[in-house]
$ cat work-v4.cif   # mmCIF, C-alpha atoms and all ligand atoms
data_data
#
loop_
_atom_site.label_atom_id
_atom_site.label_comp_id
_atom_site.auth_asym_id
_atom_site.auth_seq_id
_atom_site.Cartn_x
_atom_site.Cartn_y
_atom_site.Cartn_z
CA MET A 196 91.59 -8.60 113.06
CA SER A 197 95.15 -7.40 113.56
CA GLN A 198 94.48 -4.02 111.92
CA PHE A 199 93.11 -2.84 115.29
CA PRO A 200 95.03 -1.55 118.33
CA PRO A 201 95.85 -4.31 120.86
CA LEU A 202 93.33 -4.89 123.66
CA LYS A 203 94.51 -3.44 126.98
CA ASN A 204 91.65 -4.70 129.17
CA ASP A 205 90.70 -8.32 128.54
CA LEU A 206 88.99 -8.91 131.91
CA LEU A 207 85.64 -9.65 130.24
CA LEU A 208 87.13 -12.04 127.69
CA ARG A 209 89.12 -13.90 130.34
CA THR A 210 86.00 -14.24 132.49
CA LEU A 211 84.04 -15.60 129.53
CA ARG A 212 86.81 -18.15 128.94
CA GLY A 213 86.19 -19.40 132.48
CA GLU A 214 89.43 -18.04 133.93
CA THR A 215 89.83 -16.82 137.49
CA VAL A 216 90.22 -13.03 137.44
CA GLU A 217 91.27 -10.27 139.84
CA ARG A 218 87.76 -8.73 139.95
CA PRO A 219 84.55 -9.19 137.96
CA PRO A 220 84.26 -7.18 134.74
CA CYS A 221 81.56 -4.47 134.78
CA TRP A 222 79.32 -3.04 132.09
CA ILE A 223 75.70 -1.89 132.02
CA MET A 224 72.94 -2.67 129.54
CA ARG A 225 71.94 0.58 127.85
CA GLN A 226 75.05 2.26 129.22
CA ALA A 227 74.80 4.64 126.26
CA GLY A 228 71.58 6.59 126.28
CA ARG A 229 69.35 9.27 127.58
CA TYR A 230 70.56 9.35 131.19
CA LEU A 231 73.84 10.82 129.86
CA PRO A 232 73.83 14.59 129.29
CA GLU A 233 76.44 14.12 126.55
CA TYR A 234 74.04 11.72 124.78
CA LYS A 235 71.20 14.25 124.93
CA GLU A 236 73.53 16.86 123.54
CA VAL A 237 74.39 14.76 120.49
CA LYS A 238 70.79 13.57 120.13
CA GLY A 239 69.16 17.02 120.00
CA ASP A 240 66.49 16.73 117.30
CA ARG A 241 68.25 13.92 115.49
CA ASP A 242 66.28 10.83 114.50
CA PHE A 243 67.29 7.73 116.46
CA PHE A 244 67.85 5.38 113.52
CA THR A 245 69.68 8.08 111.56
CA MET A 246 72.11 8.29 114.49
CA CYS A 247 72.56 4.49 114.42
CA ARG A 248 73.26 4.63 110.67
CA THR A 249 75.83 7.43 110.94
CA PRO A 250 79.07 5.66 111.94
CA GLU A 251 80.74 8.76 113.45
CA ILE A 252 77.72 9.40 115.69
CA ALA A 253 77.20 5.75 116.64
CA CYS A 254 80.91 5.56 117.49
CA GLU A 255 80.79 8.70 119.66
CA LEU A 256 77.66 7.48 121.52
CA THR A 257 79.23 4.05 122.10
CA ILE A 258 82.36 5.56 123.59
CA GLN A 259 80.63 8.20 125.78
CA PRO A 260 80.05 5.93 128.82
CA VAL A 261 83.53 4.39 128.50
CA ARG A 262 85.01 7.90 128.53
CA ARG A 263 82.86 9.15 131.43
CA TYR A 264 83.44 6.06 133.56
CA LYS A 265 87.05 5.55 132.54
CA GLY A 266 88.59 2.62 134.38
CA LEU A 267 85.23 1.60 135.83
CA ILE A 268 83.61 0.03 132.73
CA ASP A 269 85.13 -3.03 131.10
CA ALA A 270 83.20 -3.22 127.80
CA ALA A 271 81.58 -1.05 125.15
CA ILE A 272 78.41 -2.03 123.25
CA ILE A 273 77.89 -0.69 119.78
CA PHE A 274 75.20 1.98 119.57
CA SER A 275 72.40 0.46 117.48
CA ASP A 276 69.12 -1.33 118.13
CA ILE A 277 67.68 -4.83 118.00
CA LEU A 278 65.09 -3.60 115.49
CA VAL A 279 67.60 -3.26 112.67
CA ILE A 280 66.97 -6.94 111.79
CA PRO A 281 63.30 -6.29 110.98
CA GLN A 282 64.59 -3.40 108.86
CA ALA A 283 66.97 -5.80 107.09
CA LEU A 284 63.90 -7.98 106.46
CA GLY A 285 62.26 -5.17 104.53
CA MET A 286 60.09 -3.71 107.30
CA THR A 287 59.82 -0.03 108.12
CA VAL A 288 60.58 0.82 111.76
CA GLU A 289 60.45 4.32 113.18
CA MET A 290 61.49 5.47 116.64
CA ILE A 291 58.87 7.89 117.91
CA GLU A 292 60.16 10.45 120.38
CA GLY A 293 58.97 9.70 123.90
CA GLN A 294 57.02 6.62 122.76
CA GLY A 295 59.41 4.04 121.37
CA PRO A 296 59.47 1.91 118.25
CA HIS A 297 56.63 1.95 115.72
CA PHE A 298 56.05 -0.31 112.70
CA PRO A 299 53.56 1.32 110.29
CA HIS A 300 52.90 -2.10 108.68
CA PRO A 301 53.13 -4.85 111.31
CA LEU A 302 52.67 -8.53 110.39
CA ARG A 303 49.00 -9.41 110.83
CA THR A 304 48.11 -11.87 108.06
CA THR A 305 49.66 -14.98 106.55
CA GLU A 306 50.43 -12.90 103.47
CA ASP A 307 52.28 -10.34 105.60
CA VAL A 308 54.45 -13.11 107.08
CA GLN A 309 54.89 -14.71 103.66
CA ARG A 310 56.30 -11.44 102.32
CA VAL A 311 59.00 -11.46 105.01
CA LEU A 312 59.75 -15.15 104.39
CA GLU A 313 60.32 -14.43 100.71
CA TYR A 314 62.38 -11.28 101.34
CA ASP A 315 65.92 -11.60 100.08
CA ALA A 316 67.76 -10.20 103.09
CA ASP A 317 71.39 -9.23 102.62
CA VAL A 318 72.82 -7.65 105.75
CA THR A 319 76.05 -6.75 103.96
CA VAL A 320 73.97 -4.25 101.99
CA SER A 321 71.11 -3.23 104.30
CA LEU A 322 73.22 -3.08 107.48
CA ALA A 323 76.53 -2.01 105.93
CA TRP A 324 76.45 1.06 108.19
CA ALA A 325 76.51 -1.20 111.28
CA PHE A 326 79.76 -2.82 110.17
CA GLU A 327 81.30 0.55 109.39
CA ALA A 328 80.28 1.83 112.83
CA ILE A 329 81.81 -1.22 114.52
CA ALA A 330 85.11 -0.96 112.62
CA LEU A 331 85.37 2.75 113.37
CA THR A 332 84.51 2.27 117.04
CA ARG A 333 86.96 -0.59 117.48
CA GLN A 334 89.64 1.70 116.05
CA LYS A 335 88.64 4.69 118.20
CA LEU A 336 88.45 2.62 121.39
CA GLN A 337 92.22 2.16 121.08
CA GLY A 338 91.99 -1.21 122.82
CA GLU A 339 90.64 0.42 125.99
CA VAL A 340 87.89 -2.21 126.40
CA PRO A 341 86.40 -4.94 124.18
CA LEU A 342 83.47 -4.09 121.91
CA PHE A 343 80.13 -5.92 121.94
CA GLY A 344 78.09 -6.61 118.84
CA PHE A 345 74.50 -7.72 119.45
CA CYS A 346 71.12 -8.66 118.05
CA GLY A 347 67.60 -9.32 119.27
CA GLY A 348 66.41 -12.83 120.06
CA PRO A 349 64.16 -14.29 117.33
CA TRP A 350 61.06 -14.45 119.54
CA THR A 351 61.53 -10.83 120.73
CA LEU A 352 61.89 -9.66 117.14
CA LEU A 353 58.77 -11.64 116.13
CA VAL A 354 56.90 -9.83 118.91
CA TYR A 355 57.89 -6.38 117.64
CA MET A 356 57.21 -7.35 114.03
CA CYS A 357 53.70 -8.61 114.86
CA GLU A 358 52.69 -6.08 117.52
CA GLY A 359 54.16 -3.12 115.65
CA GLY A 360 55.72 -1.69 118.81
CA GLY A 361 55.60 -2.16 122.54
CA SER A 362 52.73 -4.22 123.89
CA ARG A 363 50.87 -5.22 127.03
CA LEU A 364 48.87 -8.21 125.88
CA PHE A 365 51.08 -9.49 123.05
CA ARG A 366 47.86 -10.32 121.26
CA PHE A 367 49.19 -10.60 117.71
CA ALA A 368 52.39 -12.48 118.56
CA LYS A 369 50.44 -14.92 120.75
CA GLN A 370 47.85 -15.29 118.03
CA LEU A 371 50.57 -16.23 115.54
CA ILE A 372 52.26 -18.86 117.72
CA ASN A 373 48.97 -20.41 118.85
CA GLU A 374 46.89 -20.13 115.70
CA LYS A 375 49.62 -20.80 113.13
CA PRO A 376 52.56 -22.34 115.01
CA GLU A 377 54.19 -23.70 111.86
CA LEU A 378 54.08 -20.31 110.16
CA ALA A 379 55.47 -18.73 113.35
CA LYS A 380 58.38 -21.17 113.24
CA LEU A 381 59.12 -20.36 109.61
CA LEU A 382 59.28 -16.69 110.60
CA LEU A 383 61.50 -17.44 113.62
CA GLN A 384 63.75 -19.47 111.32
CA LYS A 385 64.02 -16.61 108.83
CA ILE A 386 64.90 -14.16 111.63
CA THR A 387 67.44 -16.65 113.01
CA ASP A 388 69.14 -17.02 109.63
CA VAL A 389 69.57 -13.25 109.39
CA ALA A 390 70.67 -13.00 113.04
CA VAL A 391 73.42 -15.62 112.55
CA ASP A 392 74.83 -13.83 109.54
CA PHE A 393 74.49 -10.41 111.19
CA LEU A 394 76.31 -11.50 114.36
CA ALA A 395 79.12 -13.18 112.43
CA ARG A 396 79.58 -10.15 110.23
CA GLN A 397 79.69 -7.86 113.27
CA VAL A 398 82.66 -9.95 114.42
CA GLN A 399 84.19 -9.70 110.96
CA ALA A 400 83.85 -5.91 111.29
CA GLY A 401 85.56 -5.84 114.70
CA ALA A 402 83.16 -6.96 117.47
CA GLN A 403 85.01 -9.04 120.10
CA VAL A 404 82.05 -10.42 122.04
CA LEU A 405 78.34 -10.81 121.27
CA GLN A 406 75.08 -10.59 123.18
CA VAL A 407 71.62 -11.82 122.14
CA PHE A 408 68.74 -9.88 123.76
CA GLU A 409 65.65 -12.09 124.14
CA SER A 410 63.98 -9.27 126.07
CA TRP A 411 60.42 -10.65 125.81
CA GLY A 412 61.39 -14.22 126.78
CA GLY A 413 59.36 -13.96 129.97
CA GLU A 414 56.15 -13.45 128.02
CA LEU A 415 56.31 -17.12 127.01
CA SER A 416 55.33 -20.02 129.24
CA ALA A 417 58.13 -22.50 129.94
CA MET A 418 56.52 -24.86 127.43
CA ASP A 419 56.23 -22.21 124.73
CA PHE A 420 59.76 -20.95 125.42
CA ASP A 421 61.03 -24.46 124.64
CA GLU A 422 59.20 -24.39 121.33
CA PHE A 423 59.42 -20.78 120.14
CA SER A 424 62.57 -19.34 121.69
CA LEU A 425 65.09 -21.90 122.95
CA PRO A 426 65.62 -23.87 119.70
CA PHE A 427 66.39 -20.65 117.83
CA LEU A 428 68.74 -19.34 120.53
CA GLN A 429 70.43 -22.73 120.39
CA GLN A 430 70.83 -22.41 116.63
CA ILE A 431 72.45 -19.00 117.06
CA ALA A 432 74.94 -20.48 119.55
CA GLN A 433 75.77 -23.36 117.24
CA ARG A 434 75.77 -21.61 113.89
CA VAL A 435 77.64 -18.35 114.62
CA PRO A 436 80.99 -20.16 115.08
CA LEU A 437 80.36 -22.11 111.86
CA ARG A 438 79.48 -18.94 109.99
CA LEU A 439 82.65 -17.30 111.36
CA LYS A 440 84.72 -20.19 110.02
CA GLU A 441 83.11 -19.73 106.60
CA LEU A 442 84.15 -16.09 106.78
CA GLY A 443 87.70 -17.17 107.59
CA ILE A 444 87.61 -16.19 111.27
CA THR A 445 89.02 -18.79 113.62
CA ASP A 446 88.91 -16.78 116.87
CA ASP A 447 86.67 -18.16 119.59
CA ILE A 448 84.09 -15.37 120.04
CA PRO A 449 82.10 -15.56 123.28
CA ILE A 450 78.32 -15.12 123.12
CA ILE A 451 76.11 -14.05 126.04
CA VAL A 452 72.36 -14.69 126.00
CA PHE A 453 69.85 -12.60 127.95
CA ALA A 454 66.35 -14.07 128.11
CA LYS A 455 64.62 -11.56 130.37
CA GLY A 456 61.97 -13.08 132.59
CA SER A 457 62.67 -16.65 131.48
CA TRP A 458 63.80 -17.84 134.91
CA TYR A 459 62.47 -21.32 134.17
CA ALA A 460 64.96 -21.72 131.32
CA LEU A 461 68.17 -20.94 133.22
CA ASP A 462 69.35 -24.54 133.45
CA ARG A 463 68.72 -25.16 129.75
CA LEU A 464 70.41 -21.91 128.72
CA CYS A 465 73.49 -22.75 130.82
CA ALA A 466 73.58 -26.16 129.12
CA ILE A 467 73.77 -24.77 125.59
CA GLU A 468 77.23 -25.28 124.27
CA GLY A 469 78.21 -22.12 122.45
CA PHE A 470 76.93 -19.68 125.06
CA ALA A 471 79.80 -18.53 127.26
CA GLY A 472 77.56 -16.32 129.36
CA VAL A 473 73.95 -16.14 130.53
CA SER A 474 72.57 -12.81 131.69
CA ILE A 475 69.87 -12.89 134.36
CA ASP A 476 67.35 -10.34 135.59
CA TRP A 477 66.72 -9.44 139.23
CA SER A 478 64.03 -12.06 139.79
CA TRP A 479 66.83 -14.51 140.63
CA ASP A 480 68.50 -14.69 144.03
CA PRO A 481 72.09 -15.02 142.78
CA HIS A 482 72.79 -17.89 145.21
CA ALA A 483 70.08 -19.95 143.52
CA ALA A 484 71.26 -19.03 140.02
CA VAL A 485 74.85 -20.02 140.90
CA ALA A 486 73.56 -23.36 142.19
CA VAL A 487 71.67 -23.99 138.95
CA ASN A 488 74.62 -22.94 136.78
CA GLN A 489 77.16 -25.26 138.41
CA GLY A 490 80.01 -23.32 136.85
CA ARG A 491 79.04 -24.09 133.25
CA VAL A 492 78.94 -20.45 132.05
CA ALA A 493 79.64 -16.95 133.32
CA LEU A 494 76.49 -15.49 134.88
CA GLN A 495 75.85 -11.81 134.20
CA GLY A 496 73.65 -9.49 136.18
CA ASN A 497 71.54 -8.96 138.03
CA ILE A 498 70.80 -6.01 140.29
CA ASP A 499 67.45 -4.23 139.89
CA PRO A 500 68.44 -1.02 138.05
CA GLY A 501 66.04 0.74 140.44
CA VAL A 502 68.82 0.55 143.07
CA ILE A 503 70.27 3.66 141.40
CA TYR A 504 67.38 5.68 142.89
CA GLY A 505 68.57 4.68 146.37
CA SER A 506 71.00 6.28 148.81
CA ASP A 507 74.71 5.46 148.69
CA GLU A 508 74.14 3.20 151.71
CA VAL A 509 71.44 1.23 149.90
CA ILE A 510 73.53 0.94 146.73
CA GLU A 511 76.57 -0.25 148.70
CA LYS A 512 74.56 -2.81 150.67
CA LYS A 513 72.91 -4.26 147.56
CA VAL A 514 76.13 -4.36 145.55
CA LYS A 515 77.89 -6.19 148.38
CA PHE A 516 75.05 -8.71 148.58
CA MET A 517 75.15 -9.25 144.82
CA VAL A 518 78.91 -9.68 144.48
CA ASP A 519 79.11 -11.96 147.54
CA ALA A 520 76.14 -14.01 146.34
CA PHE A 521 77.85 -14.54 142.98
CA GLY A 522 80.71 -16.12 144.89
CA GLY A 523 82.84 -12.99 145.27
CA GLY A 524 83.05 -12.38 141.56
CA LYS A 525 86.48 -13.79 140.76
CA ARG A 526 85.10 -16.48 138.51
CA ASN A 527 82.13 -16.97 136.18
CA TYR A 528 80.68 -13.57 136.99
CA ILE A 529 80.07 -10.34 135.07
CA VAL A 530 78.57 -7.34 136.85
CA ASN A 531 75.55 -5.84 135.11
CA PHE A 532 72.05 -4.63 135.81
CA GLY A 533 69.16 -7.08 135.49
CA HIS A 534 67.97 -4.86 132.63
CA GLY A 535 68.89 -1.48 131.13
CA THR A 536 69.40 1.99 132.58
CA HIS A 537 66.42 4.38 132.79
CA PRO A 538 66.57 7.88 131.26
CA PHE A 539 66.01 9.41 134.74
CA MET A 540 69.11 7.98 136.38
CA ASP A 541 71.77 10.13 137.99
CA THR A 542 75.16 9.68 136.33
CA GLU A 543 77.00 10.13 139.65
CA LYS A 544 74.90 7.41 141.31
CA ILE A 545 75.86 5.09 138.48
CA ARG A 546 79.50 6.01 139.08
CA PHE A 547 79.08 5.18 142.76
CA PHE A 548 77.45 1.87 141.81
CA LEU A 549 80.44 0.99 139.59
CA GLU A 550 82.92 2.04 142.31
CA MET A 551 81.18 -0.25 144.79
CA CYS A 552 81.31 -3.11 142.27
CA HIS A 553 85.07 -2.58 142.00
CA LYS A 554 85.45 -2.33 145.79
CA TYR A 555 83.59 -5.53 146.63
CA GLY A 556 84.68 -7.34 143.49
CA SER A 557 88.37 -6.74 144.35
CA ALA A 558 87.95 -7.63 148.03
O1 LIG A 601 74.16 1.27 125.35
C1 LIG A 601 73.55 0.38 124.74
O2 LIG A 601 72.96 -0.54 125.32
C2 LIG A 601 73.69 0.30 123.24
C3 LIG A 601 72.61 0.43 122.38
C4 LIG A 601 71.25 -0.25 122.51
C5 LIG A 601 70.05 0.46 122.29
N1 LIG A 601 69.05 -0.46 122.26
C6 LIG A 601 69.94 1.89 122.11
C7 LIG A 601 68.64 2.55 122.28
C8 LIG A 601 70.94 -1.59 122.68
C9 LIG A 601 71.85 -2.77 123.02
C10 LIG A 601 69.53 -1.71 122.51
C11 LIG A 601 68.81 -2.99 122.55
C12 LIG A 601 67.34 -2.98 122.52
N2 LIG A 601 66.51 -2.18 121.79
C13 LIG A 601 66.55 -3.90 123.22
C14 LIG A 601 67.09 -5.03 124.09
C15 LIG A 601 67.45 -4.58 125.44
C16 LIG A 601 66.25 -4.30 126.30
O3 LIG A 601 66.13 -3.13 126.71
O4 LIG A 601 65.51 -5.23 126.55
C17 LIG A 601 65.20 -3.61 122.94
C18 LIG A 601 63.98 -4.32 123.48
C19 LIG A 601 65.19 -2.52 122.02
C20 LIG A 601 64.02 -1.89 121.37
C21 LIG A 601 63.88 -0.48 121.74
N3 LIG A 601 64.75 0.52 121.37
C22 LIG A 601 62.85 0.10 122.52
C23 LIG A 601 61.69 -0.66 123.14
C24 LIG A 601 63.12 1.46 122.60
C25 LIG A 601 62.24 2.50 123.22
C26 LIG A 601 62.31 2.52 124.69
C27 LIG A 601 63.41 3.43 125.12
O5 LIG A 601 64.21 3.02 125.96
O6 LIG A 601 63.42 4.57 124.64
C28 LIG A 601 64.33 1.69 121.92
C29 LIG A 601 65.03 2.99 121.77
C30 LIG A 601 66.47 3.07 122.12
N4 LIG A 601 67.41 2.13 121.84
C31 LIG A 601 67.10 4.18 122.76
C32 LIG A 601 68.45 3.85 122.86
C33 LIG A 601 69.55 4.71 123.42
C34 LIG A 601 66.42 5.46 123.17
C35 LIG A 601 66.33 6.35 121.99
C36 LIG A 601 66.12 7.80 122.31
O7 LIG A 601 64.96 8.17 122.51
O8 LIG A 601 67.11 8.54 122.37
#

$ encode --input "work-v4.cif" --output "C-alpha cells"
Amino acid sequence: MSQFPPLKNDLLLRTLRGETVERPPCWIMRQAGRYLPEYKEVKGDRDFFTMCRTPEIACELTIQPVRRYKGLIDAAIIFSDILVIPQALGMTVEMIEGQGPHFPHPLRTTEDVQRVLEYDADVTVSLAWAFEAIALTRQKLQGEVPLFGFCGGPWTLLVYMCEGGGSRLFRFAKQLINEKPELAKLLLQKITDVAVDFLARQVQAGAQVLQVFESWGGELSAMDFDEFSLPFLQQIAQRVPLRLKELGITDDIPIIVFAKGSWYALDRLCAIEGFAGVSIDWSWDPHAAVAVNQGRVALQGNIDPGVIYGSDEVIEKKVKFMVDAFGGGKRNYIVNFGHGTHPFMDTEKIRFFLEMCHKYGSA
C-alpha cells in the first residue's frame, strides 16, 4: 500500500479503532451526486454506469465533495453503485434518467436464480474498472482523507435482482424468501461470496475503509432479518479479513455496516466481531442507540437528511442535539446523515451543517 501518498487526516480510522479523538469525523452518504452543480456539469448526458466505469470520471466525482468542503469532510467514498455486483453476476442493469435502476431480466423463476448460481463471477475481470478507479482516486486524494470502498448487503442486492428496480411491495423478493427459502439462501450465499472478494480487492486497490449498505434491511421482520440478512453480513465481517490475508494484506481494515430500518438488529450488529462501525438511520434516538451499543463499535449517523431543508437555527439545534446525544462525539462516533443526500439540497446548507458538526464536535 506504500505506493500511495501518506494519509494526513486519520480521524476516521482512529475513531474506528476505538480511540478518543479531538472531534468526530464527518462524511455524508451520497456526498457525491446530483445536489452538486459540479456533478451535474460532469454528468451532462453521460450514462451513469459509464461514468462509474471510467476511472478518471469516477475519481473526479469522488473528489468533488472533498474539494468543495475542504477541511470539513473527513472521508471520500468511491463513486460507483451497489448494483455493480449484480452486473458481476451476469445481470444487465441500466440506470434510467429520473427513474433509477432497471433490470430488463429480473430473477423470477428457479431457472433464473439457477443461472446466477452457476455464473462464474470473476470481479478481477468484470469490475477491473472499479479497482482502477480506486487506485487512481487514492493517488489523486494525496492523503487528504481516507477512501471508502463499499458494496451492497446481500439481501438488498437480492431485492434489486428479483424486483428489477425500486419497489413498494417487494413482492418478488418476499415470494422468493417465503416460497423457496433454501433457494433464496443459495442466492444470498452466492452474492456474499462475490461481495467478500469484491471488498477485499477494493482494499488491495487502495480502499482504506469499507461500508456495506443493507439499504432494504428494514423491509424484513426481525425474524426474517436473522435468517436472510444477518448471517450473510456476519460472513462478510468474518471473511473479508481472511480474504485480505490470502491476498497478502495484513492491515486491519475497518468495516462499517448500515442496515437501514433494521432498528431491531442494532444489538446483534454491534456484537458482530469484524464490524468496527454500525451506521444508524434517524429512527433511533441516539441516547438509546448509545445505551444499546455499550461502546462496542463506533456508531455512525444519524440525522434526518431533511434537516437540510430547515433554517440555520433548526440545523444548529438538531446538530447540537445529535452530537451531545452521541456523548459529545469524542469517542465511538462518526457524523453522518441517517441516509443519503437528496438531489434538491442546497450545497451551502450542507456546508453549514458540516460547520455546526465541527463546532459542537470540538466543544
Ligand atoms: O457519494 C457517494 O455516496 C458515492 C457513490 C454511491 C452511489 N450510490 C452513486 C449514485 C453510493 C455509495 C451508492 C450506493 C447505493 N446505490 C445504494 C446504497 C445507499 C442508499 O442510498 O441506500 C443504493 C440503494 C443504490 C442503488 C441506486 N443507485 C438507486 C436506487 C439509484 C437511483 C436513485 C437515485 O438516487 O438516483 C441509484 C443511482 C445513483 N447512485 C446516483 C448516484 C450519484 C444518481 C445517478 C444520477 O442520476 O446521476

$ residues_around --input "work-v4.cif" --residues "region 433-438 of chain A" --least-positions-apart "6" --cutoff "8 Å" --atoms "only C-alpha atoms" --output "ChimeraX atom specification"
/A:391-392,394-395,447-448,468-469

$ write_last_selection --input "work-v4.cif" --atoms "C-alpha atoms" --output "compact mmCIF listing (two decimals), in the frame of the given file"
# COMPACT_ATOMS: atom_id res chain seq x y z
CA VAL A 391 73.42 -15.62 112.55
CA ASP A 392 74.83 -13.83 109.54
CA LEU A 394 76.31 -11.50 114.36
CA ALA A 395 79.12 -13.18 112.43
CA ASP A 447 86.67 -18.16 119.59
CA ILE A 448 84.09 -15.37 120.04
CA GLU A 468 77.23 -25.28 124.27
CA GLY A 469 78.21 -22.12 122.45

$ residues_near_ligand --input "work-v4.cif" --ligand "ligand LIG 601 (chain A)" --cutoff "6 Å" --atoms "only C-alpha atoms and all ligand atoms" --output "list in words"
Met224, Arg225, Gln226, Ala227, Gly228, Arg229, Phe243, Ile272, Ile273, Phe274, Ser275, Asp276, Ile277, Glu292, Gly295, Pro296, Phe408, Ser410 and Gly535 of chain A

$ residues_around --input "work-v4.cif" --residues "Glu255 (chain A)" --least-positions-apart "5" --cutoff "12 Å" --atoms "only C-alpha atoms" --output "PyMOL selection string"
chain A and resi 227-228+233-234+236-238+246-247+249-250+260-263+271-275+328-329+331-336

$ closest_residue --input "work-v4.cif" --among "A:Arg310, A:Lys265, A:Arg366, A:His534" --to "Phe453 (chain A)" --atoms "all atoms listed in the file"
A:His534

$ atom_distance --input "work-v4.cif" --atom1 "CA of Gly522 (chain A)" --atom2 "CA of Lys554 (chain A)"
14.6 Å

$ residues_around --input "work-v4.cif" --residues "Ala483 (chain A)" --least-positions-apart "2" --cutoff "12 Å" --atoms "only C-alpha atoms" --output "PyMOL selection string"
chain A and resi 458+461-462+475+477-481+485-489+494+517+520-522

$ atom_distance --input "work-v4.cif" --atom1 "CA of Glu306 (chain A)" --atom2 "CA of Gly348 (chain A)"
23.0 Å

$ atom_distance --input "work-v4.cif" --atom1 "CA of Phe470 (chain A)" --atom2 "CA of Asp419 (chain A)"
20.9 Å

$ residues_around --input "work-v4.cif" --residues "Phe423 (chain A)" --least-positions-apart "5" --cutoff "9 Å" --atoms "all atoms listed in the file" --output "PyMOL selection string"
chain A and resi 349-350+372+376+379-380+383+415+418

$ closest_residue --input "work-v4.cif" --among "A:Gly501, A:Glu409, A:Gln198, A:Phe420" --to "Val473 (chain A)" --atoms "only C-alpha atoms"
A:Glu409

$ residues_near_point --input "work-v4.cif" --point "(54.3, -2.0, 130.2)" --cutoff "12 Å" --atoms "only C-alpha atoms" --output "list in words"
Gln294, Gly295, Gly360, Gly361, Ser362, Arg363, Leu364, Phe365, Trp411 and Glu414 of chain A

$ residues_around --input "work-v4.cif" --residues "Gly524 (chain A)" --least-positions-apart "5" --cutoff "6 Å" --atoms "all atoms listed in the file" --output "ChimeraX atom specification"
/A:219,518,556

$ closest_residue --input "work-v4.cif" --among "A:Val514, A:Met286, A:Ala402, A:Ile498" --to "Gly533 (chain A)" --atoms "all atoms listed in the file"
A:Ile498

$ closest_residue --input "work-v4.cif" --among "A:Leu342, A:Glu374, A:Gly359, A:Leu382" --to "Gln309 (chain A)" --atoms "only C-alpha atoms"
A:Leu382

$ closest_residue --input "work-v4.cif" --among "A:Met356, A:Leu267, A:Ile451, A:Val288" --to "Phe343 (chain A)" --atoms "all atoms listed in the file"
A:Ile451

$ closest_residue --input "work-v4.cif" --among "A:Leu549, A:Leu353, A:Leu425, A:Ile223" --to "Pro281 (chain A)" --atoms "only C-alpha atoms"
A:Leu353
